[in-house]
Structures are given as C-alpha cells and as structure tokens.
$ cat protein-v4.pdb   # PDB, C-alpha atoms
ATOM      1  CA  MET A   1     118.792 116.891 105.976
ATOM      2  CA  LYS A   2     118.526 113.501 104.306
ATOM      3  CA  LYS A   3     116.400 113.463 101.183
ATOM      4  CA  CYS A   4     113.405 111.185 100.719
ATOM      5  CA  THR A   5     111.129 110.798  97.689
ATOM      6  CA  LEU A   6     107.823 109.008  98.222
ATOM      7  CA  ILE A   7     106.169 107.639  95.066
ATOM      8  CA  TYR A   8     102.643 106.321  95.444
ATOM      9  CA  ASN A   9      99.947 104.959  93.172
ATOM     10  CA  PRO A  10      96.587 106.556  94.121
ATOM     11  CA  ILE A  11      94.511 103.822  92.461
ATOM     12  CA  SER A  12      96.424 100.853  93.849
ATOM     13  CA  GLY A  13      94.428  98.242  95.762
ATOM     14  CA  LYS A  14      91.514  99.768  97.655
ATOM     15  CA  LYS A  15      92.773 103.310  96.997
ATOM     16  CA  GLN A  16      93.134 104.151 100.701
ATOM     17  CA  PHE A  17      96.800 105.188 100.940
ATOM     18  CA  LYS A  18      96.127 108.715  99.706
ATOM     19  CA  ASN A  19      94.205 109.384 102.921
ATOM     20  CA  ARG A  20      97.370 108.748 104.942
ATOM     21  CA  ILE A  21      99.778 110.963 103.008
ATOM     22  CA  ASP A  22     100.009 113.728 105.630
ATOM     23  CA  ASP A  23     100.616 111.250 108.467
ATOM     24  CA  VAL A  24     103.242 109.382 106.466
ATOM     25  CA  LYS A  25     105.055 112.586 105.512
ATOM     26  CA  GLN A  26     105.166 113.722 109.139
ATOM     27  CA  ARG A  27     106.688 110.444 110.302
ATOM     28  CA  PHE A  28     109.544 110.690 107.823
ATOM     29  CA  GLN A  29     110.071 114.360 108.605
ATOM     30  CA  LYS A  30     110.348 113.537 112.308
ATOM     31  CA  ALA A  31     112.952 110.936 111.374
ATOM     32  CA  GLY A  32     115.073 113.671 109.770
ATOM     33  CA  TYR A  33     114.073 113.492 106.111
ATOM     34  CA  LEU A  34     113.230 116.256 103.689
ATOM     35  CA  VAL A  35     110.251 114.607 101.965
ATOM     36  CA  GLU A  36     109.058 115.061  98.395
ATOM     37  CA  ILE A  37     105.730 113.420  97.484
ATOM     38  CA  LYS A  38     105.138 112.149  93.944
ATOM     39  CA  GLU A  39     101.770 110.747  92.837
ATOM     40  CA  THR A  40     101.607 108.609  89.705
ATOM     41  CA  SER A  41      99.063 109.799  87.157
ATOM     42  CA  ARG A  42      99.267 107.246  84.341
ATOM     43  CA  PRO A  43     100.769 103.839  83.503
ATOM     44  CA  LYS A  44     104.583 103.748  83.599
ATOM     45  CA  ASP A  45     104.702 107.166  85.282
ATOM     46  CA  ALA A  46     106.598 105.678  88.224
ATOM     47  CA  ILE A  47     109.489 104.724  85.921
ATOM     48  CA  LYS A  48     110.319 108.367  85.259
ATOM     49  CA  LEU A  49     109.607 109.455  88.836
ATOM     50  CA  ALA A  50     111.954 106.804  90.242
ATOM     51  CA  ARG A  51     114.648 107.608  87.684
ATOM     52  CA  ASP A  52     114.417 111.295  88.624
ATOM     53  CA  ALA A  53     114.785 110.398  92.305
ATOM     54  CA  ALA A  54     117.872 108.279  91.584
ATOM     55  CA  GLU A  55     119.421 111.044  89.484
ATOM     56  CA  LYS A  56     118.880 113.449  92.412
ATOM     57  CA  HIS A  57     120.742 110.978  94.654
ATOM     58  CA  VAL A  58     117.978 110.833  97.253
ATOM     59  CA  ASP A  59     118.887 108.900 100.387
ATOM     60  CA  LEU A  60     115.586 107.057 100.575
ATOM     61  CA  LEU A  61     113.019 106.119  97.936
ATOM     62  CA  VAL A  62     109.723 105.051  99.482
ATOM     63  CA  ILE A  63     107.318 103.185  97.205
ATOM     64  CA  SER A  64     103.639 102.724  97.990
ATOM     65  CA  GLY A  65     101.529 100.627  95.659
ATOM     66  CA  GLY A  66     101.316  97.054  94.472
ATOM     67  CA  ASP A  67     103.792  94.832  92.689
ATOM     68  CA  GLY A  68     103.231  96.785  89.459
ATOM     69  CA  THR A  69     104.212 100.089  91.065
ATOM     70  CA  PHE A  70     107.339  98.535  92.556
ATOM     71  CA  HIS A  71     108.122  97.024  89.146
ATOM     72  CA  GLU A  72     107.963 100.421  87.468
ATOM     73  CA  CYS A  73     110.183 102.012  90.117
ATOM     74  CA  LEU A  74     112.693  99.187  89.685
ATOM     75  CA  ASN A  75     112.854  99.889  85.959
ATOM     76  CA  GLY A  76     113.460 103.542  86.753
ATOM     77  CA  VAL A  77     116.355 103.075  89.183
ATOM     78  CA  SER A  78     117.921 100.072  87.401
ATOM     79  CA  SER A  79     118.940 102.338  84.522
ATOM     80  CA  CYS A  80     120.951 104.586  86.878
ATOM     81  CA  ASP A  81     124.421 104.076  88.330
ATOM     82  CA  TYR A  82     123.268 105.361  91.717
ATOM     83  CA  LYS A  83     120.495 103.343  93.327
ATOM     84  CA  PRO A  84     118.793 104.813  96.404
ATOM     85  CA  THR A  85     117.810 102.683  99.362
ATOM     86  CA  ILE A  86     114.211 101.548  98.920
ATOM     87  CA  GLY A  87     111.494 101.383 101.551
ATOM     88  CA  TYR A  88     108.231  99.681 100.665
ATOM     89  CA  ILE A  89     104.699 100.396 101.906
ATOM     90  CA  PRO A  90     102.537  97.786 100.124
ATOM     91  CA  SER A  91      99.054  98.995  99.221
ATOM     92  CA  GLY A  92      98.122  96.808  96.253
ATOM     93  CA  THR A  93      95.785  93.845  95.992
ATOM     94  CA  ALA A  94      98.159  90.869  96.049
ATOM     95  CA  CYS A  95     101.589  92.325  96.948
ATOM     96  CA  ASP A  96     103.573  89.120  96.438
ATOM     97  CA  LEU A  97     106.916  90.825  96.965
ATOM     98  CA  ALA A  98     105.761  92.233 100.302
ATOM     99  CA  GLY A  99     104.481  88.789 101.263
ATOM    100  CA  THR A 100     107.898  87.265 100.642
ATOM    101  CA  LEU A 101     109.717  90.054 102.497
ATOM    102  CA  LYS A 102     107.158  89.984 105.364
ATOM    103  CA  ILE A 103     106.287  93.651 104.956
ATOM    104  CA  PRO A 104     102.733  94.230 106.247
ATOM    105  CA  LYS A 105     100.075  96.253 104.446
ATOM    106  CA  ASN A 106      99.455  98.159 107.663
ATOM    107  CA  VAL A 107     100.959 101.572 106.879
ATOM    108  CA  ASP A 108     102.334 102.321 110.348
ATOM    109  CA  ARG A 109     103.970  98.910 110.712
ATOM    110  CA  ALA A 110     105.501  99.160 107.237
ATOM    111  CA  ILE A 111     106.986 102.554 108.138
ATOM    112  CA  ASP A 112     108.351 101.057 111.367
ATOM    113  CA  ILE A 113     110.327  98.590 109.234
ATOM    114  CA  ILE A 114     111.615 101.373 106.966
ATOM    115  CA  LEU A 115     112.806 103.462 109.903
ATOM    116  CA  ASN A 116     114.121 100.631 112.098
ATOM    117  CA  GLY A 117     114.942  97.763 109.727
ATOM    118  CA  VAL A 118     118.151  96.705 108.025
ATOM    119  CA  VAL A 119     119.333  97.391 104.485
ATOM    120  CA  VAL A 120     120.046  94.374 102.291
ATOM    121  CA  LYS A 121     120.998  94.188  98.639
ATOM    122  CA  MET A 122     118.569  92.144  96.571
ATOM    123  CA  ASP A 123     119.025  90.504  93.187
ATOM    124  CA  TYR A 124     116.861  91.388  90.219
ATOM    125  CA  GLY A 125     116.473  90.079  86.686
ATOM    126  CA  ARG A 126     117.407  92.139  83.640
ATOM    127  CA  THR A 127     115.803  91.081  80.348
ATOM    128  CA  ASN A 128     115.495  92.222  76.761
ATOM    129  CA  GLN A 129     111.994  93.430  77.694
ATOM    130  CA  GLY A 130     112.781  95.240  80.941
ATOM    131  CA  SER A 131     113.729  94.385  84.504
ATOM    132  CA  PHE A 132     111.797  92.413  87.111
ATOM    133  CA  ILE A 133     112.233  92.005  90.839
ATOM    134  CA  TYR A 134     110.337  88.811  91.683
ATOM    135  CA  VAL A 135     108.819  86.991  88.677
ATOM    136  CA  ALA A 136     108.865  86.633  84.906
ATOM    137  CA  ALA A 137     106.256  84.241  83.562
ATOM    138  CA  ILE A 138     104.473  82.996  80.477
ATOM    139  CA  GLY A 139     101.526  80.634  80.088
ATOM    140  CA  THR A 140      98.306  79.822  81.907
ATOM    141  CA  TYR A 141      96.923  82.363  84.398
ATOM    142  CA  VAL A 142      99.955  84.682  84.217
ATOM    143  CA  ASP A 143      97.906  87.530  82.738
ATOM    144  CA  ILE A 144      95.372  87.579  85.578
ATOM    145  CA  SER A 145      96.970  90.533  87.363
ATOM    146  CA  TYR A 146      96.459  92.912  84.438
ATOM    147  CA  VAL A 147      93.304  91.554  82.786
ATOM    148  CA  THR A 148      91.286  91.637  86.015
ATOM    149  CA  ASP A 149      89.009  94.688  86.101
ATOM    150  CA  SER A 150      90.278  97.399  88.497
ATOM    151  CA  LYS A 151      86.776  98.065  89.871
ATOM    152  CA  LEU A 152      86.392  94.368  90.602
ATOM    153  CA  LYS A 153      89.750  94.370  92.425
ATOM    154  CA  LYS A 154      88.684  97.335  94.543
ATOM    155  CA  ASN A 155      85.389  95.739  95.540
ATOM    156  CA  LEU A 156      86.439  92.100  95.895
ATOM    157  CA  GLY A 157      90.182  92.245  96.523
ATOM    158  CA  TYR A 158      92.024  88.955  95.975
ATOM    159  CA  LEU A 159      88.727  87.202  95.137
ATOM    160  CA  ALA A 160      88.648  89.189  91.880
ATOM    161  CA  TYR A 161      91.791  87.376  90.727
ATOM    162  CA  ILE A 162      90.232  84.007  91.534
ATOM    163  CA  LEU A 163      87.148  84.792  89.464
ATOM    164  CA  THR A 164      89.323  85.762  86.497
ATOM    165  CA  GLY A 165      91.357  82.584  86.949
ATOM    166  CA  ILE A 166      88.222  80.447  86.705
ATOM    167  CA  LYS A 167      87.643  81.852  83.221
ATOM    168  CA  GLU A 168      91.131  80.727  82.136
ATOM    169  CA  PHE A 169      90.725  77.232  83.561
ATOM    170  CA  PHE A 170      89.574  75.879  80.192
ATOM    171  CA  THR A 171      92.092  77.655  77.936
ATOM    172  CA  ILE A 172      95.511  76.101  78.609
ATOM    173  CA  PRO A 173      98.126  77.281  76.042
ATOM    174  CA  MET A 174     100.603  74.886  74.414
ATOM    175  CA  ILE A 175     103.877  76.805  74.186
ATOM    176  CA  LYS A 176     106.639  75.352  72.018
ATOM    177  CA  ALA A 177     109.971  76.559  73.397
ATOM    178  CA  LYS A 178     113.679  75.947  73.752
ATOM    179  CA  ILE A 179     115.088  76.843  77.163
ATOM    180  CA  GLU A 180     118.811  77.418  77.759
ATOM    181  CA  TYR A 181     120.255  77.797  81.270
ATOM    182  CA  ASP A 182     123.594  77.580  83.102
ATOM    183  CA  ASP A 183     123.888  73.801  83.032
ATOM    184  CA  GLY A 184     122.199  72.863  79.787
ATOM    185  CA  TYR A 185     119.030  73.209  77.774
ATOM    186  CA  MET A 186     115.625  71.608  77.223
ATOM    187  CA  ARG A 187     113.004  71.833  74.518
ATOM    188  CA  GLY A 188     109.387  70.793  74.206
ATOM    189  CA  TYR A 189     105.824  71.942  74.744
ATOM    190  CA  TYR A 190     105.001  73.776  77.956
ATOM    191  CA  SER A 191     101.904  75.240  79.577
ATOM    192  CA  MET A 192     103.669  77.583  81.994
ATOM    193  CA  ILE A 193     107.186  78.853  82.711
ATOM    194  CA  LEU A 194     107.885  80.713  85.970
ATOM    195  CA  VAL A 195     111.177  82.496  86.611
ATOM    196  CA  VAL A 196     111.105  83.401  90.292
ATOM    197  CA  ASN A 197     113.123  85.531  92.717
ATOM    198  CA  SER A 198     110.603  85.193  95.516
ATOM    199  CA  LYS A 199     108.731  82.767  97.723
ATOM    200  CA  ARG A 200     105.249  83.832  96.644
ATOM    201  CA  VAL A 201     103.665  84.282  93.231
ATOM    202  CA  ALA A 202      99.942  85.091  92.847
ATOM    203  CA  GLY A 203      99.474  84.442  96.544
ATOM    204  CA  PHE A 204     100.906  80.903  96.393
ATOM    205  CA  ASN A 205     104.181  79.667  97.852
ATOM    206  CA  ILE A 206     106.102  78.619  94.732
ATOM    207  CA  VAL A 207     109.638  78.313  96.151
ATOM    208  CA  ASN A 208     110.011  76.797  99.610
ATOM    209  CA  LYS A 209     113.360  78.311 100.570
ATOM    210  CA  PRO A 210     114.263  81.154  98.201
ATOM    211  CA  VAL A 211     117.612  82.909  98.360
ATOM    212  CA  LEU A 212     117.373  86.464  97.090
ATOM    213  CA  ASP A 213     121.013  87.555  96.978
ATOM    214  CA  ASP A 214     122.998  84.656  95.477
ATOM    215  CA  GLY A 215     122.870  85.717  91.830
ATOM    216  CA  LYS A 216     120.507  82.916  90.807
ATOM    217  CA  LEU A 217     116.816  82.550  89.986
ATOM    218  CA  ASP A 218     114.458  79.627  90.533
ATOM    219  CA  VAL A 219     112.824  78.394  87.318
ATOM    220  CA  VAL A 220     109.713  76.205  87.454
ATOM    221  CA  ILE A 221     108.713  74.681  84.112
ATOM    222  CA  TYR A 222     105.398  72.878  83.506
ATOM    223  CA  ARG A 223     105.142  70.432  80.617
ATOM    224  CA  TYR A 224     102.007  70.629  78.494
ATOM    225  CA  ILE A 225     100.071  67.460  79.383
ATOM    226  CA  PRO A 226      96.520  67.345  77.964
ATOM    227  CA  PHE A 227      93.785  67.147  80.624
ATOM    228  CA  LEU A 228      96.316  67.113  83.477
ATOM    229  CA  ASN A 229      97.718  70.650  83.420
ATOM    230  CA  ASN A 230      95.385  72.087  86.046
ATOM    231  CA  LEU A 231      95.978  69.076  88.300
ATOM    232  CA  LEU A 232      99.732  69.738  88.092
ATOM    233  CA  TYR A 233      99.178  73.385  89.014
ATOM    234  CA  PHE A 234      96.959  72.451  91.956
ATOM    235  CA  ILE A 235      99.420  69.966  93.411
ATOM    236  CA  SER A 236     102.376  72.275  92.785
ATOM    237  CA  PHE A 237     100.824  75.461  94.181
ATOM    238  CA  VAL A 238      98.988  73.966  97.156
ATOM    239  CA  PHE A 239     101.364  71.225  98.340
ATOM    240  CA  SER A 240     104.717  72.437  96.888
ATOM    241  CA  PRO A 241     106.310  68.973  96.556
ATOM    242  CA  LYS A 242     110.037  68.849  95.863
ATOM    243  CA  VAL A 243     109.501  66.429  92.952
ATOM    244  CA  LEU A 244     106.453  66.299  90.679
ATOM    245  CA  PRO A 245     106.247  64.462  87.316
ATOM    246  CA  GLY A 246     105.827  66.945  84.477
ATOM    247  CA  VAL A 247     107.414  69.778  86.466
ATOM    248  CA  THR A 248     111.103  70.698  86.160
ATOM    249  CA  LYS A 249     112.854  72.955  88.674
ATOM    250  CA  ILE A 250     116.263  74.532  88.082
ATOM    251  CA  ARG A 251     118.392  77.360  89.472
ATOM    252  CA  THR A 252     120.381  79.512  87.110
ATOM    253  CA  SER A 253     122.113  82.866  86.783
ATOM    254  CA  LYS A 254     120.986  83.342  83.196
ATOM    255  CA  LEU A 255     118.167  82.020  81.066
ATOM    256  CA  LYS A 256     117.159  82.187  77.422
ATOM    257  CA  VAL A 257     113.681  81.160  76.318
ATOM    258  CA  TYR A 258     113.134  80.918  72.576
ATOM    259  CA  THR A 259     109.496  80.802  71.449
ATOM    260  CA  ASP A 260     107.258  82.250  68.768
ATOM    261  CA  HIS A 261     104.072  81.643  70.768
ATOM    262  CA  PRO A 262     101.801  84.730  70.821
ATOM    263  CA  HIS A 263     101.241  84.555  74.586
ATOM    264  CA  ARG A 264     102.754  87.629  76.246
ATOM    265  CA  TRP A 265     105.251  87.591  79.091
ATOM    266  CA  ASN A 266     104.371  88.840  82.548
ATOM    267  CA  LEU A 267     107.038  90.775  84.475
ATOM    268  CA  ASP A 268     106.080  91.378  88.124
ATOM    269  CA  GLY A 269     102.407  91.295  87.191
ATOM    270  CA  GLU A 270     102.811  93.742  84.317
ATOM    271  CA  GLU A 271     102.248  92.875  80.669
ATOM    272  CA  ALA A 272     105.374  92.685  78.515
ATOM    273  CA  GLY A 273     105.935  91.586  74.919
ATOM    274  CA  SER A 274     105.722  88.120  73.392
ATOM    275  CA  GLY A 275     108.489  86.013  71.876
ATOM    276  CA  ASN A 276     112.008  85.324  73.111
ATOM    277  CA  LEU A 277     113.097  86.372  76.605
ATOM    278  CA  HIS A 278     116.752  86.591  77.682
ATOM    279  CA  ILE A 279     117.428  87.004  81.402
ATOM    280  CA  GLU A 280     120.589  87.782  83.351
ATOM    281  CA  VAL A 281     120.602  88.106  87.125
ATOM    282  CA  GLN A 282     121.948  91.360  88.530
ATOM    283  CA  LYS A 283     123.392  90.197  91.825
ATOM    284  CA  GLN A 284     122.855  92.312  94.966
ATOM    285  CA  GLN A 285     122.022  95.486  93.067
ATOM    286  CA  ILE A 286     118.853  96.771  94.783
ATOM    287  CA  PRO A 287     119.251  98.107  98.348
ATOM    288  CA  ILE A 288     115.985  97.571 100.210
ATOM    289  CA  ILE A 289     114.984  97.829 103.869
ATOM    290  CA  ILE A 290     113.539  94.718 105.536
ATOM    291  CA  ASN A 291     112.792  93.433 109.013
ATOM    292  CA  SER A 292     116.063  92.208 110.517
ATOM    293  CA  LYS A 293     114.339  88.982 111.638
ATOM    294  CA  ILE A 294     114.047  87.632 108.080
ATOM    295  CA  LYS A 295     117.492  88.628 106.819
ATOM    296  CA  SER A 296     119.149  85.287 107.596
ATOM    297  CA  LYS A 297     116.308  83.351 105.932
ATOM    298  CA  LEU A 298     116.259  85.105 102.556
ATOM    299  CA  PHE A 299     119.660  86.800 102.243
ATOM    300  CA  LYS A 300     122.260  84.117 102.845
ATOM    301  CA  GLU A 301     125.316  85.989 101.538
ATOM    302  CA  GLN A 302     125.026  89.153 103.632
TER     303      GLN A 302
END
$ encode --input "protein-v4.pdb" --output "structure tokens"
Amino acid sequence: MKKCTLIYNPISGKKQFKNRIDDVKQRFQKAGYLVEIKETSRPKDAIKLARDAAEKHVDLLVISGGDGTFHECLNGVSSCDYKPTIGYIPSGTACDLAGTLKIPKNVDRAIDIILNGVVVKMDYGRTNQGSFIYVAAIGTYVDISYVTDSKLKKNLGYLAYILTGIKEFFTIPMIKAKIEYDDGYMRGYYSMILVVNSKRVAGFNIVNKPVLDDGKLDVVIYRYIPFLNNLLYFISFVFSPKVLPGVTKIRTSKLKVYTDHPHRWNLDGEEAGSGNLHIEVQKQQIPIIINSKIKSKLFKEQ
C-alpha cells in the first residue's frame, strides 16, 4: 500500500478539523493509502514531523492547518533530499497559500483535489533564517498574524487581524536598508518590503498574475513617506495598480536585504529574526497537488 502521513494542527483556525479525523482517514484508506496521523503539540513540532515523514519516503504528506503549519512542514521537508508529494487541507484563519492555489477550506472538497488533482512542482524561497513558501516580509502590519490573540482569532476569525491592524496604523517603521537583486540594487528608507511567491498576502491580492514555478519571486518595496504610507498601502492592496509612486516592483531569483533595523522578519506568517535576509529561489522543488483548472494560470513552465 502507498504510505500517507497526515500532519494537523489541532488549534488552527476555529479548531474544528480534529472532529473530522476519522472521516478523513477513511477517505484516504479507501483510496489505497496506509495512513499515519500526527497531531502537533507545540510550536515548530510540524518541522520534525514533516522531516520524519520525508525520511520515511511516504508517498503523500497531507497537511491540515494554516499558513504557519504549512510553513513548518516546508522547513521539515526542505532539509531532505526526498520530498513527498504534498496535499493541503486548509483549516487556519487566513490561509493565503490556499487562497492563491484555490484550495477550499471545506474538508471534503479539499480532499477531492488531493485525490483527483494534478501534481505540480512549486518554487520556494530559502533564506539564512529558514525557508518560506509564499511570503517573506518586514515592516508595517507584517507581524499581525502572530501577535493577534489566538482566542480572538477563534471567536472573530479574519476580523481579529483587522482589529490588530488598526492598532498598528499609527506606528509606521522607518527601515534603512540596502537591497540587492538580479539586475541591480537600491538603498533608502522603507516602510515595508514584501517578497512574494503568491497572489494573496494577508487576504489581499498583492501580485496580479503570479508565476509559481519560474525560479523568480515578486518583490514589492514601499518607500517611507511621512503621512502617506497608509494611503500607499490602501491604494496598492485594494486597487493593485501596475505603477504607483513610492512603490517599486521587481522580479528576481535572489535577493539580499541589508538592515540593522530591530523589526523582525515574517516568513509565511511566522516570526523570524531581525537584521539581514538573504534569499535564493529553489525552483520547482516542492511537489504539491492542485486543481488541474488552475495549473496553466500559476505554473507556466509545466
């Protein structure tokens, strides 16, 4: 029989997935899998669980949780030569990666995609502070995902993030940085830097037409402009114009950001360290199952 490991976060989102474990296990068993269930019990637990699954050469690694759970599993399998095919059942609050890949939060429909979809190989970013699958960011609002109270997220869902964001509206950081990329460099003062391998970040469409398998990342850089920073964010996030004064957009296969600002980096919604960040794209290294209907839109080289 084919081997399947299912890793799930019991406190992700509204904490409902645990009630479906038996049903989920039966569906994969009927599809011919020998299923092993692994529940995370503490932060970063999924890193080890995913690494163990990769070292066992499982045929399918199913992840249920939010972007943070997927992020941990990525950091587990990215350290291994063998990378199992990944199926995703999103059960977190925001689930930006699932939003980009059009994977529904409905458990049965997500399983339908895993069992009947197509396997593609997705890029990811490797950095000196860990790996990320869809975003690395520093600046205003980027810490919302991990500073928002978990009880508030359970009770209010996405609204909890908005309430936390309102608190940060008046505290825009001024980040002095030098940024090196494939075609050059820039230096100055910035309020936010987004390095994106996705369409959505924090529920907003940041990149209109992302390509997730070409070995490049989209970088969106916001200049620090006193009194106008939040206006730039609003126009950028809501209307997504191709050109906006004060906002620079580039595509690159590698990126180096040099800064001594104390603000900490965010990798896939998880808190990382502060300081310099060096990124190199790992092209087509993560096999993941998606709906065949979106393959041609997001994966142009396969």
$ closest_residue --input "protein-v4.pdb" --among "A:Arg264, A:Lys293, A:Lys30, A:Lys209" --to "A:Ile193" --atoms "all atoms listed in the file"
A:Arg264
$ residues_around --input "protein-v4.pdb" --residues "A:Glu280" --least-positions-apart "5" --cutoff "8 Å" --atoms "all atoms listed in the file" --output "PyMOL selection string"
chain A and resi 125-127+253-255
$ residues_near_point --input "protein-v4.pdb" --point "(106.7, 83.4, 68.4)" --cutoff "8 Å" --atoms "all atoms listed in the file" --output "NGL selection string"
:A and (259-262 or 274-276)
$ axis_aligned_box --input "protein-v4.pdb" --around "stretch 221-224 of chain A" --padding-each-side "3 Å" --output "JSON"
{"center_x": 105.4, "center_y": 72.6, "center_z": 81.3, "size_x": 12.7, "size_y": 10.2, "size_z": 11.6}
$ resolve_selection --input "protein-v4.pdb" --expression "the PyMOL selection byres ((chain A and resi 220-237) around 7)" --output "list in words"
Met174, Tyr189, Tyr190, Ser191, Met192, Ile193, Leu194, Val195, Phe204, Asn205, Ile206, Asp218, Val219, Val238, Phe239, Ser240, Pro241, Gly246, Val247, Thr248, Lys249 and Ile250 of chain A
$ resolve_selection --input "protein-v4.pdb" --expression "the PyMOL selection byres ((chain A and resi 133-139) around 8)" --output "ChimeraX atom specification"
/A:71,74,97,123-125,131-132,140-142,172-173,175,190-198,201,263-269
$ write_last_selection --input "protein-v4.pdb" --atoms "C-alpha atoms" --output "PDB file, keeping the file's coordinate frame"
ATOM      1  CA  HIS A  71     108.122  97.024  89.146  1.00  0.00           C
ATOM      2  CA  LEU A  74     112.693  99.187  89.685  1.00  0.00           C
ATOM      3  CA  LEU A  97     106.916  90.825  96.965  1.00  0.00           C
ATOM      4  CA  ASP A 123     119.025  90.504  93.187  1.00  0.00           C
ATOM      5  CA  TYR A 124     116.861  91.388  90.219  1.00  0.00           C
ATOM      6  CA  GLY A 125     116.473  90.079  86.686  1.00  0.00           C
ATOM      7  CA  SER A 131     113.729  94.385  84.504  1.00  0.00           C
ATOM      8  CA  PHE A 132     111.797  92.413  87.111  1.00  0.00           C
ATOM      9  CA  THR A 140      98.306  79.822  81.907  1.00  0.00           C
ATOM     10  CA  TYR A 141      96.923  82.363  84.398  1.00  0.00           C
ATOM     11  CA  VAL A 142      99.955  84.682  84.217  1.00  0.00           C
ATOM     12  CA  ILE A 172      95.511  76.101  78.609  1.00  0.00           C
ATOM     13  CA  PRO A 173      98.126  77.281  76.042  1.00  0.00           C
ATOM     14  CA  ILE A 175     103.877  76.805  74.186  1.00  0.00           C
ATOM     15  CA  TYR A 190     105.001  73.776  77.956  1.00  0.00           C
ATOM     16  CA  SER A 191     101.904  75.240  79.577  1.00  0.00           C
ATOM     17  CA  MET A 192     103.669  77.583  81.994  1.00  0.00           C
ATOM     18  CA  ILE A 193     107.186  78.853  82.711  1.00  0.00           C
ATOM     19  CA  LEU A 194     107.885  80.713  85.970  1.00  0.00           C
ATOM     20  CA  VAL A 195     111.177  82.496  86.611  1.00  0.00           C
ATOM     21  CA  VAL A 196     111.105  83.401  90.292  1.00  0.00           C
ATOM     22  CA  ASN A 197     113.123  85.531  92.717  1.00  0.00           C
ATOM     23  CA  SER A 198     110.603  85.193  95.516  1.00  0.00           C
ATOM     24  CA  VAL A 201     103.665  84.282  93.231  1.00  0.00           C
ATOM     25  CA  HIS A 263     101.241  84.555  74.586  1.00  0.00           C
ATOM     26  CA  ARG A 264     102.754  87.629  76.246  1.00  0.00           C
ATOM     27  CA  TRP A 265     105.251  87.591  79.091  1.00  0.00           C
ATOM     28  CA  ASN A 266     104.371  88.840  82.548  1.00  0.00           C
ATOM     29  CA  LEU A 267     107.038  90.775  84.475  1.00  0.00           C
ATOM     30  CA  ASP A 268     106.080  91.378  88.124  1.00  0.00           C
ATOM     31  CA  GLY A 269     102.407  91.295  87.191  1.00  0.00           C
TER      32      GLY A 269
END
$ closest_residue --input "protein-v4.pdb" --among "A:Ala202, A:Leu244, A:Ile179, A:Met186" --to "A:Asp67" --atoms "all atoms listed in the file"
A:Ala202
$ build_atoms --input "protein-v4.pdb" --residues "stretch 283-297 of chain A" --atoms "N, CA, C and O atoms" --output "PDB file, keeping the file's coordinate frame"
ATOM      1  N   LYS A 283     123.218  90.639  90.443  1.00  0.00           N
ATOM      2  CA  LYS A 283     123.392  90.197  91.825  1.00  0.00           C
ATOM      3  C   LYS A 283     123.561  91.365  92.797  1.00  0.00           C
ATOM      4  O   LYS A 283     124.395  92.250  92.582  1.00  0.00           O
ATOM      5  N   GLN A 284     122.752  91.357  93.842  1.00  0.00           N
ATOM      6  CA  GLN A 284     122.855  92.312  94.966  1.00  0.00           C
ATOM      7  C   GLN A 284     122.940  93.761  94.495  1.00  0.00           C
ATOM      8  O   GLN A 284     123.801  94.520  94.914  1.00  0.00           O
ATOM      9  N   GLN A 285     121.997  94.146  93.648  1.00  0.00           N
ATOM     10  CA  GLN A 285     122.022  95.486  93.067  1.00  0.00           C
ATOM     11  C   GLN A 285     120.955  96.436  93.595  1.00  0.00           C
ATOM     12  O   GLN A 285     121.036  97.638  93.358  1.00  0.00           O
ATOM     13  N   ILE A 286     119.943  95.919  94.310  1.00  0.00           N
ATOM     14  CA  ILE A 286     118.853  96.771  94.783  1.00  0.00           C
ATOM     15  C   ILE A 286     118.867  96.833  96.305  1.00  0.00           C
ATOM     16  O   ILE A 286     118.520  95.864  96.987  1.00  0.00           O
ATOM     17  N   PRO A 287     119.276  97.970  96.887  1.00  0.00           N
ATOM     18  CA  PRO A 287     119.251  98.107  98.348  1.00  0.00           C
ATOM     19  C   PRO A 287     117.821  98.332  98.837  1.00  0.00           C
ATOM     20  O   PRO A 287     117.138  99.250  98.387  1.00  0.00           O
ATOM     21  N   ILE A 288     117.356  97.491  99.726  1.00  0.00           N
ATOM     22  CA  ILE A 288     115.985  97.571 100.210  1.00  0.00           C
ATOM     23  C   ILE A 288     115.959  97.289 101.707  1.00  0.00           C
ATOM     24  O   ILE A 288     116.753  96.488 102.219  1.00  0.00           O
ATOM     25  N   ILE A 289     115.066  97.960 102.411  1.00  0.00           N
ATOM     26  CA  ILE A 289     114.984  97.829 103.869  1.00  0.00           C
ATOM     27  C   ILE A 289     113.984  96.734 104.232  1.00  0.00           C
ATOM     28  O   ILE A 289     112.843  96.733 103.754  1.00  0.00           O
ATOM     29  N   ILE A 290     114.410  95.804 105.090  1.00  0.00           N
ATOM     30  CA  ILE A 290     113.539  94.718 105.536  1.00  0.00           C
ATOM     31  C   ILE A 290     113.618  94.576 107.055  1.00  0.00           C
ATOM     32  O   ILE A 290     114.469  95.190 107.703  1.00  0.00           O
ATOM     33  N   ASN A 291     112.736  93.774 107.595  1.00  0.00           N
ATOM     34  CA  ASN A 291     112.792  93.433 109.013  1.00  0.00           C
ATOM     35  C   ASN A 291     114.034  92.570 109.260  1.00  0.00           C
ATOM     36  O   ASN A 291     114.265  91.592 108.556  1.00  0.00           O
ATOM     37  N   SER A 292     114.813  92.926 110.252  1.00  0.00           N
ATOM     38  CA  SER A 292     116.063  92.208 110.517  1.00  0.00           C
ATOM     39  C   SER A 292     115.833  90.724 110.812  1.00  0.00           C
ATOM     40  O   SER A 292     116.724  89.895 110.610  1.00  0.00           O
ATOM     41  N   LYS A 293     114.621  90.365 111.258  1.00  0.00           N
ATOM     42  CA  LYS A 293     114.339  88.982 111.638  1.00  0.00           C
ATOM     43  C   LYS A 293     114.345  88.029 110.446  1.00  0.00           C
ATOM     44  O   LYS A 293     114.530  86.821 110.627  1.00  0.00           O
ATOM     45  N   ILE A 294     114.107  88.538 109.234  1.00  0.00           N
ATOM     46  CA  ILE A 294     114.047  87.632 108.080  1.00  0.00           C
ATOM     47  C   ILE A 294     115.324  87.666 107.237  1.00  0.00           C
ATOM     48  O   ILE A 294     115.427  86.933 106.256  1.00  0.00           O
ATOM     49  N   LYS A 295     116.285  88.489 107.624  1.00  0.00           N
ATOM     50  CA  LYS A 295     117.492  88.628 106.819  1.00  0.00           C
ATOM     51  C   LYS A 295     118.202  87.295 106.632  1.00  0.00           C
ATOM     52  O   LYS A 295     118.570  86.909 105.505  1.00  0.00           O
ATOM     53  N   SER A 296     118.393  86.542 107.682  1.00  0.00           N
ATOM     54  CA  SER A 296     119.149  85.287 107.596  1.00  0.00           C
ATOM     55  C   SER A 296     118.414  84.216 106.805  1.00  0.00           C
ATOM     56  O   SER A 296     119.018  83.272 106.296  1.00  0.00           O
ATOM     57  N   LYS A 297     117.091  84.342 106.650  1.00  0.00           N
ATOM     58  CA  LYS A 297     116.308  83.351 105.932  1.00  0.00           C
ATOM     59  C   LYS A 297     116.362  83.543 104.432  1.00  0.00           C
ATOM     60  O   LYS A 297     116.361  82.588 103.665  1.00  0.00           O
TER      61      LYS A 297
END
